[in-house]
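Text of the file input-v1.cif, holding mmCIF, C-alpha atoms:
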data_protein
loop_
_atom_site.label_atom_id
_atom_site.label_comp_id
_atom_site.auth_asym_id
_atom_site.auth_seq_id
_atom_site.Cartn_x
_atom_site.Cartn_y
_atom_site.Cartn_z
CA MET A 1 116.52 77.13 47.54
CA GLY A 2 117.95 78.74 44.42
CA SER A 3 120.06 81.87 44.40
CA LEU A 4 117.25 83.93 42.84
CA VAL A 5 114.85 82.91 45.61
CA LYS A 6 117.49 83.67 48.27
CA SER A 7 118.04 87.09 46.71
CA ILE A 8 114.31 87.81 46.74
CA MET A 9 114.08 86.78 50.41
CA ILE A 10 117.05 89.01 51.33
CA PHE A 11 115.49 91.91 49.43
CA ALA A 12 112.09 91.39 51.11
CA LYS A 13 113.71 91.32 54.54
CA ALA A 14 115.74 94.46 53.77
CA VAL A 15 112.65 96.35 52.60
CA PHE A 16 110.69 95.30 55.70
CA TYR A 17 113.61 96.35 57.97
CA ILE A 18 113.87 99.74 56.24
CA TYR A 19 110.14 100.32 56.72
CA ALA A 20 110.46 99.25 60.39
CA PHE A 21 113.46 101.51 60.95
CA LEU A 22 111.67 104.51 59.46
CA TRP A 23 108.50 103.74 61.44
CA THR A 24 110.47 103.55 64.70
CA LEU A 25 112.11 106.93 64.14
CA LYS A 26 109.01 108.48 65.70
CA ALA A 27 109.10 107.81 69.43
CA ARG A 28 106.35 105.41 70.46
CA ARG A 29 105.95 103.51 73.72
CA ALA A 30 103.83 100.47 74.53
CA CYS A 31 102.92 100.48 78.20
CA SER A 32 100.07 97.97 77.99
CA MET A 33 98.94 95.11 75.79
CA GLY A 34 96.22 97.41 74.48
CA ASP A 35 99.00 99.76 73.33
CA VAL A 36 100.70 96.80 71.61
CA LEU A 37 97.51 95.95 69.74
CA GLU A 38 97.08 99.54 68.55
CA LEU A 39 100.71 100.35 67.81
CA PHE A 40 102.01 97.06 66.44
CA TYR A 41 99.06 95.50 64.60
CA LEU A 42 96.98 98.49 63.58
CA ASP A 43 99.65 101.17 63.14
CA PHE A 44 102.93 99.43 62.21
CA LEU A 45 101.56 96.40 60.34
CA ARG A 46 98.61 98.46 59.06
CA ILE A 47 96.17 95.61 59.54
CA ASP A 48 92.52 96.62 59.39
CA ARG A 49 90.86 95.90 62.74
CA LYS A 50 88.31 93.62 61.02
CA TYR A 51 91.12 91.16 60.20
CA VAL A 52 92.51 90.99 63.75
CA GLU A 53 90.83 88.53 66.11
CA VAL A 54 91.89 89.11 69.69
CA VAL A 55 91.97 85.67 71.32
CA ARG A 56 93.35 86.96 74.61
CA LEU A 57 94.08 90.43 75.91
CA ASP A 58 95.02 91.02 79.52
CA GLU A 59 97.67 93.01 81.36
CA ASN A 60 100.41 90.44 80.62
CA GLU A 61 99.58 88.88 77.26
CA LEU A 62 98.08 89.52 73.82
CA VAL A 63 97.18 86.60 71.54
CA THR A 64 95.89 87.42 68.07
CA ARG A 65 94.78 85.57 64.96
CA CYS A 66 95.09 87.63 61.79
CA ARG A 67 93.36 87.05 58.47
CA ASN A 68 94.64 90.12 56.66
CA PRO A 69 96.03 90.23 53.13
CA CYS A 70 99.66 89.42 53.96
CA PRO A 71 102.69 90.19 51.77
CA ILE A 72 104.70 87.42 53.47
CA LEU A 73 102.02 84.84 52.68
CA GLU A 74 101.80 86.16 49.13
CA LEU A 75 105.58 85.89 48.74
CA SER A 76 105.51 82.31 50.04
CA LEU A 77 102.73 81.27 47.69
CA ARG A 78 104.26 82.95 44.63
CA LEU A 79 107.68 81.38 45.24
CA ASN A 80 106.13 78.04 46.28
CA LEU A 81 107.96 78.19 49.63
CA ASP A 82 107.04 77.01 53.09
CA THR A 83 105.30 79.88 54.87
CA GLU A 84 107.00 78.99 58.14
CA GLU A 85 110.44 79.33 56.55
CA VAL A 86 109.61 82.70 54.97
CA CYS A 87 108.01 84.02 58.18
CA ARG A 88 111.00 82.97 60.28
CA GLU A 89 113.45 84.56 57.83
CA VAL A 90 111.67 87.73 56.68
CA SER A 91 108.96 88.69 59.16
CA GLU A 92 109.84 87.44 62.63
CA PRO A 93 113.16 89.32 63.09
CA VAL A 94 111.57 92.59 61.98
CA CYS A 95 108.55 92.10 64.25
CA LYS A 96 110.85 91.43 67.20
CA TYR A 97 112.88 94.55 66.36
CA VAL A 98 109.79 96.79 66.27
CA LEU A 99 108.40 95.34 69.50
CA SER A 100 111.75 95.84 71.25
CA ARG A 101 111.62 99.50 70.21
CA LEU A 102 108.08 99.84 71.56
CA ASN A 103 109.17 98.27 74.85
CA PRO A 104 112.31 96.19 75.46
CA ASN A 105 110.34 94.02 77.90
CA LEU A 106 108.10 92.60 75.13
CA ALA A 107 108.49 89.06 73.78
CA PHE A 108 107.04 87.78 70.49
CA GLU A 109 106.08 84.25 69.46
CA ARG A 110 104.39 83.02 66.31
CA ASN A 111 102.47 79.75 66.58
CA TYR A 112 103.79 77.84 63.56
CA ASP A 113 101.15 75.17 64.09
CA HIS A 114 98.56 77.86 63.32
CA ILE A 115 99.63 79.75 60.19
CA ARG A 116 98.25 80.24 56.73
CA PRO A 117 97.74 78.70 54.24
CA LEU A 118 97.32 75.56 56.39
CA LYS A 119 95.00 77.33 58.85
CA GLU A 120 92.50 80.13 58.32
CA SER A 121 94.64 82.67 60.22
CA CYS A 122 98.08 83.28 61.72
CA GLU A 123 98.34 83.18 65.49
CA GLU A 124 100.84 85.28 67.44
CA ARG A 125 101.50 85.83 71.11
CA ILE A 126 103.09 88.92 72.65
CA TYR A 127 103.82 89.03 76.36
CA TRP A 128 106.03 90.68 78.95
CA LYS A 129 109.42 88.97 79.30
CA TYR A 130 109.43 89.84 82.97
CA LYS A 131 106.39 90.02 85.17
CA LYS A 132 104.93 93.46 84.81
CA VAL A 133 105.23 95.53 87.95
CA LYS A 134 102.78 98.20 88.95
CA LEU A 135 103.94 101.53 87.54
CA SER A 136 104.50 104.43 89.82
CA PRO A 137 101.97 107.27 89.34
CA LEU A 138 104.66 109.34 87.54
CA ARG A 139 105.63 106.56 85.09
CA SER A 140 101.99 105.69 84.54
CA SER A 141 101.19 109.31 83.62
CA LEU A 142 104.22 109.38 81.26
CA CYS A 143 102.91 106.32 79.45
CA ARG A 144 99.44 107.84 79.16
CA ALA A 145 100.95 111.09 77.85
CA SER A 146 103.00 109.12 75.31
CA SER A 147 99.86 107.27 74.20
CA ARG A 148 97.91 110.53 73.76
CA ARG A 149 100.68 112.07 71.64
CA ARG A 150 100.50 109.32 69.03
CA LEU A 151 96.77 109.82 68.41
#

Would you write out, as structure tokens, the structure that this file holds?
Amino acid sequence: MGSLVKSIMIFAKAVFYIYAFLWTLKARRACSMGDVLELFYLDFLRIDRKYVEVVRLDENELVTRCRNPCPILELSLRLNLDTEEVCREVSEPVCKYVLSRLNPNLAFERNYDHIRPLKESCEERIYWKYKKVKLSPLRSSLCRASSRRRL
């Protein structure tokens, strides 16, 4: 990888981190996988709902396949780079940062056997690092109040 390409990758990552940092300045809290879908995919990543296929959504896990116009994919194609390499370097650390701000108990995995341009969509899995415990009525109401404030 040439120095110009490395510089472009560093710049892309910095821009994405700055956007993520600014987005996380507003307090947001993911208390459910439904919250993760809304906050992370639709709000932070700004993916139109029509491009997000929900493969699995339950109380412990969210698996999605996205077909949205993707700046990371575009960068990979324009620079003739492996999408997996660009995703691991530019996108994945920022996604993990944002999810940790939404809830430190969230884990993120990208299925590199199912990414574009080799497949028709990019598959990701978000789940609780630790088994989710039933929230007390007070904590549950705080999460619901937090969710209502962001609407």

Extract, using all atoms listed in the file, all DNA, RNA and protein residues at most 9 Å from Glu124 in chain A, discarding same-chain residues fewer than 6 positions from it, and format them as a PDB file with C-alpha atoms, in the frame of the given file.
ATOM      1  CA  LEU A  62      98.080  89.520  73.820  1.00  0.00           C
ATOM      2  CA  VAL A  63      97.180  86.600  71.540  1.00  0.00           C
ATOM      3  CA  THR A  64      95.890  87.420  68.070  1.00  0.00           C
ATOM      4  CA  ARG A  65      94.780  85.570  64.960  1.00  0.00           C
ATOM      5  CA  CYS A  66      95.090  87.630  61.790  1.00  0.00           C
ATOM      6  CA  PHE A 108     107.040  87.780  70.490  1.00  0.00           C
ATOM      7  CA  GLU A 109     106.080  84.250  69.460  1.00  0.00           C
ATOM      8  CA  ARG A 110     104.390  83.020  66.310  1.00  0.00           C
ATOM      9  CA  ASN A 111     102.470  79.750  66.580  1.00  0.00           C
ATOM     10  CA  TYR A 112     103.790  77.840  63.560  1.00  0.00           C
ATOM     11  CA  HIS A 114      98.560  77.860  63.320  1.00  0.00           C
TER      12      HIS A 114
END

Using the chain letters and numbers from this file, what does the PyMOL selection byres ((chain A and resi 84) around 12) select? Give the answer as an mmCIF file with C-alpha atoms, in the coordinates of the input.
data_model
loop_
_atom_site.group_PDB
_atom_site.id
_atom_site.type_symbol
_atom_site.label_atom_id
_atom_site.label_comp_id
_atom_site.auth_asym_id
_atom_site.auth_seq_id
_atom_site.Cartn_x
_atom_site.Cartn_y
_atom_site.Cartn_z
ATOM 1 C CA ILE A 72 104.700 87.420 53.470
ATOM 2 C CA LEU A 73 102.020 84.840 52.680
ATOM 3 C CA LEU A 75 105.580 85.890 48.740
ATOM 4 C CA SER A 76 105.510 82.310 50.040
ATOM 5 C CA LEU A 77 102.730 81.270 47.690
ATOM 6 C CA ASN A 80 106.130 78.040 46.280
ATOM 7 C CA LEU A 81 107.960 78.190 49.630
ATOM 8 C CA ASP A 82 107.040 77.010 53.090
ATOM 9 C CA THR A 83 105.300 79.880 54.870
ATOM 10 C CA GLU A 85 110.440 79.330 56.550
ATOM 11 C CA VAL A 86 109.610 82.700 54.970
ATOM 12 C CA CYS A 87 108.010 84.020 58.180
ATOM 13 C CA ARG A 88 111.000 82.970 60.280
ATOM 14 C CA GLU A 89 113.450 84.560 57.830
ATOM 15 C CA VAL A 90 111.670 87.730 56.680
ATOM 16 C CA SER A 91 108.960 88.690 59.160
ATOM 17 C CA GLU A 92 109.840 87.440 62.630
ATOM 18 C CA ARG A 110 104.390 83.020 66.310
ATOM 19 C CA ASN A 111 102.470 79.750 66.580
ATOM 20 C CA TYR A 112 103.790 77.840 63.560
ATOM 21 C CA ASP A 113 101.150 75.170 64.090
ATOM 22 C CA HIS A 114 98.560 77.860 63.320
ATOM 23 C CA ILE A 115 99.630 79.750 60.190
ATOM 24 C CA ARG A 116 98.250 80.240 56.730
ATOM 25 C CA PRO A 117 97.740 78.700 54.240
ATOM 26 C CA LEU A 118 97.320 75.560 56.390
ATOM 27 C CA CYS A 122 98.080 83.280 61.720
#

Interatomic distance, CA of Trp23 in chain A to CA of Glu38 in chain A (Å, one decimal):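 Taking CA of Trp23 in chain A and CA of Glu38 in chain A, their separation equals 14.1 Å.
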
Under the rule that only C-alpha atoms are counted, which of A:Glu59, A:Pro71, A:Ser100, A:Lys119 is the nearest residue to Ala12 in chain A? A:Pro71

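The list of residues with at least one atom within 9 Å of Asn60 in chain A, based on all atoms listed in the file and without residues fewer than 4 positions apart in the same chain, reads Ser32, Met33, Ile126, Tyr127, Trp128, Lys131 and Lys132 of chain A.
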
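In this comparison, which uses all atoms listed in the file, the residue of A:Ala20, A:Ala30, A:Leu25, A:Leu42 approaching Pro93 in chain A most closely is A:Ala20.
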
Point out the residue among A:Arg78, A:Ser121, A:Tyr130, A:Arg28 with the least atom-to-atom distance to Phe40 in chain A, counting all atoms listed in the file.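 With all atoms listed in the file as the atom set, the closest residue is A:Arg28.
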
Report, in Å to a single decimal, how far apart CA of Arg49 in chain A and CA of Pro69 in chain A are. 12.3 Å

Pairwise distance, CA of Asn103 in chain A with CA of Leu39 in chain A, equals 11.2 Å

Take the PyMOL selection byres ((chain A and resi 102) around 10), apply it to the structure above, and return the hits as a PyMOL selection string. chain A and resi 24+27-31+35-36+39-40+96-101+103-106

Taking only C-alpha atoms into account, which of A:Val52, A:Lys129, A:Glu61, A:Phe16 comes nearest Cys95 in chain A?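 Of all the options, A:Phe16 lies closest to Cys95 in chain A.
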
For range 42-78 of chain A, which lacks atoms in the input, supply N, CA and C atoms and format the output as an mmCIF file, keeping the file's coordinate frame.
data_model
loop_
_atom_site.group_PDB
_atom_site.id
_atom_site.type_symbol
_atom_site.label_atom_id
_atom_site.label_comp_id
_atom_site.auth_asym_id
_atom_site.auth_seq_id
_atom_site.Cartn_x
_atom_site.Cartn_y
_atom_site.Cartn_z
ATOM 1 N N LEU A 42 97.780 97.542 64.352
ATOM 2 C CA LEU A 42 96.980 98.490 63.580
ATOM 3 C C LEU A 42 97.808 99.594 62.949
ATOM 4 N N ASP A 43 98.841 100.065 63.650
ATOM 5 C CA ASP A 43 99.650 101.170 63.140
ATOM 6 C C ASP A 43 100.843 100.667 62.318
ATOM 7 N N PHE A 44 101.722 99.883 62.924
ATOM 8 C CA PHE A 44 102.930 99.430 62.210
ATOM 9 C C PHE A 44 102.588 98.462 61.065
ATOM 10 N N LEU A 45 101.880 97.381 61.378
ATOM 11 C CA LEU A 45 101.560 96.400 60.340
ATOM 12 C C LEU A 45 100.418 96.845 59.435
ATOM 13 N N ARG A 46 99.701 97.893 59.857
ATOM 14 C CA ARG A 46 98.610 98.460 59.060
ATOM 15 C C ARG A 46 97.521 97.434 58.741
ATOM 16 N N ILE A 47 97.222 96.605 59.717
ATOM 17 C CA ILE A 47 96.170 95.610 59.540
ATOM 18 C C ILE A 47 94.842 96.240 59.946
ATOM 19 N N ASP A 48 93.864 96.124 59.087
ATOM 20 C CA ASP A 48 92.520 96.620 59.390
ATOM 21 C C ASP A 48 91.983 95.825 60.577
ATOM 22 N N ARG A 49 91.366 96.514 61.509
ATOM 23 C CA ARG A 49 90.860 95.900 62.740
ATOM 24 C C ARG A 49 89.951 94.697 62.448
ATOM 25 N N LYS A 50 89.235 94.721 61.333
ATOM 26 C CA LYS A 50 88.310 93.620 61.020
ATOM 27 C C LYS A 50 89.039 92.309 60.744
ATOM 28 N N TYR A 51 90.337 92.370 60.459
ATOM 29 C CA TYR A 51 91.120 91.160 60.200
ATOM 30 C C TYR A 51 91.874 90.652 61.429
ATOM 31 N N VAL A 52 91.783 91.361 62.538
ATOM 32 C CA VAL A 52 92.510 90.990 63.750
ATOM 33 C C VAL A 52 91.535 90.443 64.787
ATOM 34 N N GLU A 53 91.617 89.152 65.049
ATOM 35 C CA GLU A 53 90.830 88.530 66.110
ATOM 36 C C GLU A 53 91.680 88.518 67.376
ATOM 37 N N VAL A 54 91.171 89.127 68.419
ATOM 38 C CA VAL A 54 91.890 89.110 69.690
ATOM 39 C C VAL A 54 91.399 87.891 70.470
ATOM 40 N N VAL A 55 92.286 86.908 70.606
ATOM 41 C CA VAL A 55 91.970 85.670 71.320
ATOM 42 C C VAL A 55 92.094 85.890 72.820
ATOM 43 N N ARG A 56 93.121 86.662 73.189
ATOM 44 C CA ARG A 56 93.350 86.960 74.610
ATOM 45 C C ARG A 56 94.000 88.329 74.709
ATOM 46 N N LEU A 57 93.502 89.119 75.623
ATOM 47 C CA LEU A 57 94.080 90.430 75.910
ATOM 48 C C LEU A 57 93.913 90.680 77.394
ATOM 49 N N ASP A 58 95.036 90.667 78.106
ATOM 50 C CA ASP A 58 95.020 91.020 79.520
ATOM 51 C C ASP A 58 96.268 91.842 79.806
ATOM 52 N N GLU A 59 96.547 92.108 81.056
ATOM 53 C CA GLU A 59 97.670 93.010 81.360
ATOM 54 C C GLU A 59 99.033 92.408 81.029
ATOM 55 N N ASN A 60 99.112 91.077 80.854
ATOM 56 C CA ASN A 60 100.410 90.440 80.620
ATOM 57 C C ASN A 60 100.572 89.799 79.249
ATOM 58 N N GLU A 61 99.493 89.668 78.484
ATOM 59 C CA GLU A 61 99.580 88.880 77.260
ATOM 60 C C GLU A 61 98.550 89.335 76.226
ATOM 61 N N LEU A 62 98.962 89.266 74.955
ATOM 62 C CA LEU A 62 98.080 89.520 73.820
ATOM 63 C C LEU A 62 98.255 88.351 72.855
ATOM 64 N N VAL A 63 97.165 87.671 72.534
ATOM 65 C CA VAL A 63 97.180 86.600 71.540
ATOM 66 C C VAL A 63 96.211 87.016 70.436
ATOM 67 N N THR A 64 96.711 87.016 69.204
ATOM 68 C CA THR A 64 95.890 87.420 68.070
ATOM 69 C C THR A 64 95.896 86.343 67.001
ATOM 70 N N ARG A 65 94.849 86.372 66.183
ATOM 71 C CA ARG A 65 94.780 85.570 64.960
ATOM 72 C C ARG A 65 94.398 86.534 63.843
ATOM 73 N N CYS A 66 95.296 86.656 62.869
ATOM 74 C CA CYS A 66 95.090 87.630 61.790
ATOM 75 C C CYS A 66 94.762 86.940 60.484
ATOM 76 N N ARG A 67 93.817 87.551 59.755
ATOM 77 C CA ARG A 67 93.360 87.050 58.470
ATOM 78 C C ARG A 67 93.570 88.088 57.359
ATOM 79 N N ASN A 68 94.424 89.021 57.594
ATOM 80 C CA ASN A 68 94.640 90.120 56.660
ATOM 81 C C ASN A 68 95.338 89.674 55.379
ATOM 82 N N PRO A 69 95.186 90.466 54.304
ATOM 83 C CA PRO A 69 96.030 90.230 53.130
ATOM 84 C C PRO A 69 97.490 90.415 53.576
ATOM 85 N N CYS A 70 98.308 89.409 53.378
ATOM 86 C CA CYS A 70 99.660 89.420 53.960
ATOM 87 C C CYS A 70 100.721 89.295 52.867
ATOM 88 N N PRO A 71 101.633 90.270 52.796
ATOM 89 C CA PRO A 71 102.690 90.190 51.770
ATOM 90 C C PRO A 71 103.636 89.010 51.973
ATOM 91 N N ILE A 72 103.821 88.574 53.204
ATOM 92 C CA ILE A 72 104.700 87.420 53.470
ATOM 93 C C ILE A 72 104.043 86.142 52.953
ATOM 94 N N LEU A 73 102.751 85.993 53.200
ATOM 95 C CA LEU A 73 102.020 84.840 52.680
ATOM 96 C C LEU A 73 102.023 84.859 51.156
ATOM 97 N N GLU A 74 101.793 86.022 50.585
ATOM 98 C CA GLU A 74 101.800 86.160 49.130
ATOM 99 C C GLU A 74 103.158 85.781 48.542
ATOM 100 N N LEU A 75 104.229 86.241 49.174
ATOM 101 C CA LEU A 75 105.580 85.890 48.740
ATOM 102 C C LEU A 75 105.784 84.381 48.792
ATOM 103 N N SER A 76 105.368 83.764 49.880
ATOM 104 C CA SER A 76 105.510 82.310 50.040
ATOM 105 C C SER A 76 104.770 81.559 48.942
ATOM 106 N N LEU A 77 103.535 81.960 48.694
ATOM 107 C CA LEU A 77 102.730 81.270 47.690
ATOM 108 C C LEU A 77 103.302 81.456 46.280
ATOM 109 N N ARG A 78 103.724 82.681 45.973
ATOM 110 C CA ARG A 78 104.260 82.950 44.630
ATOM 111 C C ARG A 78 105.566 82.204 44.364
#
